[in-house]
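Structure file upload30.txt with compact mmCIF, C-alpha atoms:
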```
# COMPACT_ATOMS: atom_id res chain seq x y z
CA MET B 10 24.60 16.73 46.92
CA ARG B 11 22.39 18.46 44.35
CA SER B 12 23.19 18.20 40.67
CA TYR B 13 22.86 21.20 38.38
CA ARG B 14 22.30 21.52 34.64
CA TYR B 15 24.67 24.41 33.97
CA PHE B 16 27.25 24.34 36.76
CA ASP B 17 29.81 22.36 34.72
CA LEU B 18 29.46 24.78 31.78
CA VAL B 19 30.08 27.80 33.99
CA MET B 20 33.10 26.08 35.55
CA ALA B 21 34.52 25.10 32.15
CA THR B 22 34.17 28.67 30.86
CA PHE B 23 35.79 30.03 34.01
CA VAL B 24 38.80 27.72 33.65
CA ALA B 25 39.15 28.40 29.90
CA VAL B 26 39.19 32.16 30.49
CA LEU B 27 41.82 31.72 33.19
CA LEU B 28 44.16 29.62 31.00
CA VAL B 29 43.90 31.82 27.91
CA SER B 30 44.46 34.99 29.93
CA ASN B 31 47.62 33.49 31.49
CA ILE B 32 49.10 32.88 28.05
CA ALA B 33 48.00 36.28 26.73
CA SER B 34 49.59 38.00 29.75
CA SER B 35 53.04 36.84 28.73
CA ALA B 36 52.50 37.28 24.98
CA LYS B 37 52.16 41.05 24.66
CA ILE B 38 52.11 44.38 26.48
CA VAL B 39 49.55 46.69 24.87
CA ASP B 40 49.89 50.48 24.72
CA ALA B 41 46.56 51.92 25.90
CA GLY B 42 47.08 54.94 23.65
CA PHE B 43 46.67 57.66 26.27
CA SER B 44 48.09 58.98 29.53
CA LEU B 45 46.51 59.62 32.93
CA PHE B 46 48.01 62.45 35.00
CA GLY B 47 51.17 62.18 32.93
CA LEU B 48 51.43 58.39 33.33
CA ARG B 49 51.42 56.54 30.01
CA LEU B 50 49.02 53.65 30.43
CA SER B 51 49.66 50.10 29.22
CA PHE B 52 48.31 46.67 30.04
CA ASP B 53 49.22 43.03 29.47
CA GLY B 54 47.20 41.11 26.90
CA GLY B 55 45.51 38.91 29.47
CA THR B 56 43.76 41.92 30.98
CA LEU B 57 41.26 41.94 28.11
CA LEU B 58 39.98 38.49 29.07
CA PHE B 59 40.90 37.89 32.71
CA PRO B 60 38.14 40.15 34.18
CA LEU B 61 35.60 37.70 32.77
CA SER B 62 36.85 35.15 35.30
CA TYR B 63 35.71 37.51 38.06
CA ILE B 64 32.33 37.89 36.39
CA PHE B 65 31.94 34.12 36.28
CA GLY B 66 33.22 33.96 39.86
CA ASP B 67 30.47 36.39 40.86
CA ILE B 68 27.91 34.26 39.05
CA LEU B 69 29.12 31.06 40.72
CA THR B 70 29.02 32.55 44.22
CA GLU B 71 25.71 34.37 43.69
CA VAL B 72 23.87 31.33 42.35
CA TYR B 73 25.64 28.27 43.77
CA GLY B 74 27.34 29.65 46.89
CA TYR B 75 30.87 30.14 48.19
CA ALA B 76 31.67 26.44 48.73
CA ARG B 77 31.07 25.49 45.10
CA SER B 78 32.86 28.61 43.93
CA ARG B 79 35.81 27.60 46.14
CA ARG B 80 36.00 24.23 44.37
CA VAL B 81 36.00 25.94 40.97
CA ILE B 82 38.76 28.33 42.07
CA TRP B 83 40.97 25.42 43.08
CA THR B 84 40.13 23.57 39.85
CA GLY B 85 41.33 26.59 37.89
CA PHE B 86 44.49 26.64 39.98
CA ALA B 87 45.20 22.97 39.24
CA MET B 88 44.55 23.34 35.51
CA SER B 89 46.92 26.30 35.34
CA LEU B 90 49.66 24.20 36.91
CA LEU B 91 48.92 21.46 34.38
CA MET B 92 49.17 23.96 31.51
CA SER B 93 52.47 25.28 32.81
CA GLY B 94 53.88 21.76 33.10
CA CYS B 95 52.81 20.86 29.55
CA LEU B 96 54.33 24.01 28.06
CA TRP B 97 57.56 23.38 29.99
CA LEU B 98 57.75 19.82 28.63
CA ILE B 99 57.24 21.11 25.07
CA GLN B 100 59.99 23.67 25.59
CA VAL B 101 62.61 21.13 26.69
CA LEU B 102 61.82 18.65 23.90
CA PRO B 103 64.12 18.97 20.84
CA GLY B 104 62.71 21.12 18.05
CA GLU B 105 62.18 19.79 14.50
CA GLU B 106 64.79 21.09 12.04
CA ALA B 107 62.44 23.06 9.74
CA TRP B 108 60.58 24.58 12.71
CA LEU B 109 63.86 25.72 14.25
CA GLN B 110 64.60 27.65 11.02
CA TYR B 111 61.37 29.66 10.79
CA ALA B 112 60.49 29.91 14.48
CA GLY B 113 62.89 28.26 16.91
CA ASP B 114 63.31 27.85 20.64
CA GLY B 115 64.13 31.54 21.02
CA ALA B 116 60.72 32.60 19.74
CA TYR B 117 58.99 29.98 21.88
CA GLY B 118 60.90 31.09 24.96
CA ALA B 119 60.27 34.79 24.31
CA ILE B 120 56.48 34.33 24.19
CA LEU B 121 55.76 31.25 26.30
CA GLY B 122 58.95 30.94 28.36
CA SER B 123 57.51 32.71 31.39
CA VAL B 124 54.45 30.41 31.26
CA SER B 125 56.44 27.20 30.75
CA SER B 126 59.02 28.15 33.37
CA GLY B 127 56.25 28.82 35.83
CA THR B 128 57.09 32.45 36.57
CA ILE B 129 54.04 34.09 35.01
CA VAL B 130 51.84 31.26 36.28
CA ALA B 131 53.27 31.55 39.80
CA ALA B 132 52.63 35.30 39.82
CA SER B 133 49.21 34.90 38.28
CA MET B 134 48.14 32.04 40.52
CA LEU B 135 49.16 33.68 43.79
CA ALA B 136 47.40 36.86 42.72
CA TYR B 137 44.44 34.80 41.51
CA LEU B 138 44.03 33.06 44.87
CA PHE B 139 44.14 36.35 46.78
CA GLY B 140 41.78 38.06 44.37
CA GLU B 141 39.24 35.32 43.68
CA PHE B 142 38.81 34.21 47.28
CA SER B 143 38.44 37.78 48.55
CA ASN B 144 35.98 38.52 45.74
CA SER B 145 33.88 35.43 46.48
CA PHE B 146 34.00 35.95 50.26
CA ILE B 147 32.93 39.60 50.07
CA LEU B 148 30.13 38.89 47.60
CA ALA B 149 28.78 36.00 49.71
CA LYS B 150 28.84 38.07 52.91
CA MET B 151 27.25 41.09 51.23
CA LYS B 152 24.46 38.92 49.81
CA VAL B 153 23.48 37.82 53.33
CA TRP B 154 23.83 41.34 54.77
CA MET B 155 21.78 42.88 51.92
CA GLN B 156 19.25 40.01 51.90
CA GLY B 157 19.86 39.37 48.22
CA ARG B 158 19.10 42.91 47.06
CA HIS B 159 21.19 45.17 44.80
CA LEU B 160 23.26 42.61 42.93
CA TRP B 161 25.21 45.35 41.15
CA VAL B 162 26.50 46.70 44.47
CA ARG B 163 27.78 43.25 45.42
CA THR B 164 29.42 42.44 42.09
CA ILE B 165 31.13 45.80 41.69
CA GLY B 166 32.01 46.16 45.38
CA SER B 167 33.62 42.73 45.60
CA THR B 168 35.44 43.34 42.32
CA LEU B 169 36.95 46.60 43.56
CA VAL B 170 38.67 44.66 46.35
CA GLY B 171 39.39 41.40 44.49
CA GLU B 172 40.75 42.99 41.33
CA GLY B 173 42.77 45.46 43.39
CA LEU B 174 44.53 42.66 45.28
CA ASP B 175 44.92 40.56 42.14
CA THR B 176 46.43 43.37 40.07
CA ALA B 177 48.84 44.64 42.72
CA VAL B 178 50.11 41.16 43.65
CA PHE B 179 50.40 39.96 40.03
CA ILE B 180 52.30 42.96 38.66
CA THR B 181 54.61 43.13 41.69
CA LEU B 182 55.52 39.44 41.49
CA ALA B 183 55.82 39.51 37.68
CA CYS B 184 58.31 42.36 37.98
CA LEU B 185 60.23 40.56 40.75
CA PHE B 186 60.43 37.47 38.49
CA GLY B 187 61.66 39.58 35.58
CA VAL B 188 58.60 39.06 33.37
CA PHE B 189 57.84 42.81 33.24
CA PRO B 190 60.31 45.69 33.75
CA TRP B 191 59.90 47.77 36.90
CA THR B 192 59.77 50.93 34.78
CA ILE B 193 56.22 50.13 33.67
CA ALA B 194 54.99 48.54 36.94
CA LEU B 195 52.92 51.52 38.11
CA SER B 196 51.48 52.02 34.62
CA LEU B 197 50.46 48.36 34.47
CA ILE B 198 48.88 48.39 37.95
CA VAL B 199 46.83 51.54 37.32
CA SER B 200 45.70 50.74 33.79
CA ASN B 201 45.05 47.04 34.48
CA TYR B 202 42.95 47.87 37.54
CA LEU B 203 40.93 50.54 35.77
CA LEU B 204 40.35 48.30 32.76
CA LYS B 205 39.35 45.28 34.85
CA VAL B 206 36.88 47.23 36.98
CA GLY B 207 35.57 48.97 33.86
CA ILE B 208 34.88 45.63 32.18
CA GLU B 209 33.03 44.42 35.29
CA VAL B 210 30.84 47.53 35.27
CA LEU B 211 30.27 47.28 31.51
CA PHE B 212 29.17 43.65 31.79
CA THR B 213 26.80 44.26 34.72
CA PRO B 214 23.64 43.94 32.56
CA ALA B 215 24.95 40.63 31.17
CA THR B 216 25.72 39.46 34.71
CA TYR B 217 22.14 40.24 35.75
CA GLY B 218 20.81 38.29 32.76
CA ILE B 219 22.97 35.21 33.36
CA VAL B 220 22.30 35.18 37.11
CA GLY B 221 18.56 35.49 36.55
CA PHE B 222 18.60 32.73 33.94
CA LEU B 223 20.58 30.33 36.14
CA LYS B 224 18.55 30.97 39.29
CA LYS B 225 15.37 30.22 37.40
CA ARG B 226 16.62 27.14 35.53
CA GLU B 227 18.60 25.67 38.41
CA GLN B 228 15.99 26.53 41.06
CA GLU B 229 18.85 27.74 43.22
CA ASP B 230 19.66 31.02 44.97
CA PHE B 231 22.22 30.09 47.62
CA TYR B 232 22.76 32.14 50.79
CA ASP B 233 26.01 31.48 52.68
CA ARG B 234 24.56 31.79 56.16
CA ASP B 235 26.22 28.69 57.64
CA THR B 236 29.19 28.36 55.27
CA HIS B 237 32.72 27.64 56.44
CA PHE B 238 34.80 30.23 54.57
CA ASN B 239 38.18 28.53 55.03
CA PRO B 240 39.64 28.68 51.47
CA PHE B 241 41.54 25.43 52.02
CA LEU B 242 38.45 23.28 52.52
CA PHE B 243 37.48 21.18 49.50
CA ARG B 244 34.15 19.75 50.61
CA ILE B 245 30.81 21.30 49.70
```
What is this structure when it is put down as structure tokens?
Amino acid sequence: MRSYRYFDLVMATFVAVLLVSNIASSAKIVDAGFSLFGLRLSFDGGTLLFPLSYIFGDILTEVYGYARSRRVIWTGFAMSLLMSGCLWLIQVLPGEEAWLQYAGDGAYGAILGSVSSGTIVAASMLAYLFGEFSNSFILAKMKVWMQGRHLWVRTIGSTLVGEGLDTAVFITLACLFGVFPWTIALSLIVSNYLLKVGIEVLFTPATYGIVGFLKKREQEDFYDRDTHFNPFLFRI
């Protein structure tokens, strides 16, 4: 198995983005400040950061291939479960007297309760698996079909599908679990999807730069011609 200089850094950044966005998703709903066809748009806080995980997912698949991207996706899944378990343990431990006076278990539960109880993580992780694997699969297939040309078509095209699945599944499950009210479900789906795709498009020049840098430094430009695309395989 080849070793790479920057693979671990890309994976670490991917996982960090995923964990922070999970916490931010439960922390605040942001008013977008405008309406679209009469629908007042809003988005959860994690939407500002979570699209970067798709950008790094694109980079991983484009440079290192689907199999290594698959391992990173499952690593992110495992670390999210670890985070949820740690926050749950902190929640059930008795609070210090002074902390209970100025903050308290109520404040902790209101902001991090859905993360520590696993509801927001369960919704996010199921959506994440659907979205990330479809994004990586489509990008890998398109790279072979297009013979490596037109990277922007692959990154944006795969994101349109991946982010669409991710957003719809996440918001639906979050509402079913009581994290978000159903009254804002459609607003969240529409605005989250538009914002996520918009961020992907906006960062396209940066994606080109990072991909070009990594391909040159790693001496790698992987084509998934003989790859087994089963998402439940762990070998490379």
### Who sits within 8 Å of segment 67-83 of chain B, all atoms listed in the file, same chain under 5 positions skipped, as a PyMOL selection string
chain B and resi 19-20+138+141-142+144-146+148-149+152+164+216+219-220+223-224+229-233+236-238+240+243-245
### Query
In Å, with one decimal, what is the gap from atom CA of Val29 of chain B to atom CA of Arg14 of chain B?
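Calculated distance between atom CA of Val29 of chain B and atom CA of Arg14 of chain B is 24.9 Å.
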### Query
By how many Å are atom CA of Phe139 of chain B and atom CA of Asp175 of chain B apart?
6.3 Å
### Message
I need every residue sitting at most 10 Å from the point (48.3, 43.7, 34.6) (coordinates as in the file, only C-alpha atoms considered), written as a PyMOL selection string.
### Response
chain B and resi 34+38+51-57+59+133+175-181+183+189+194-202+204-205
## Note on the structure
Residue with the minimum atom-to-atom distance to Ala132 of chain B, picked from B:Leu61, B:Phe86, B:Thr213, B:Leu182 with only C-alpha atoms counted, is B:Leu182
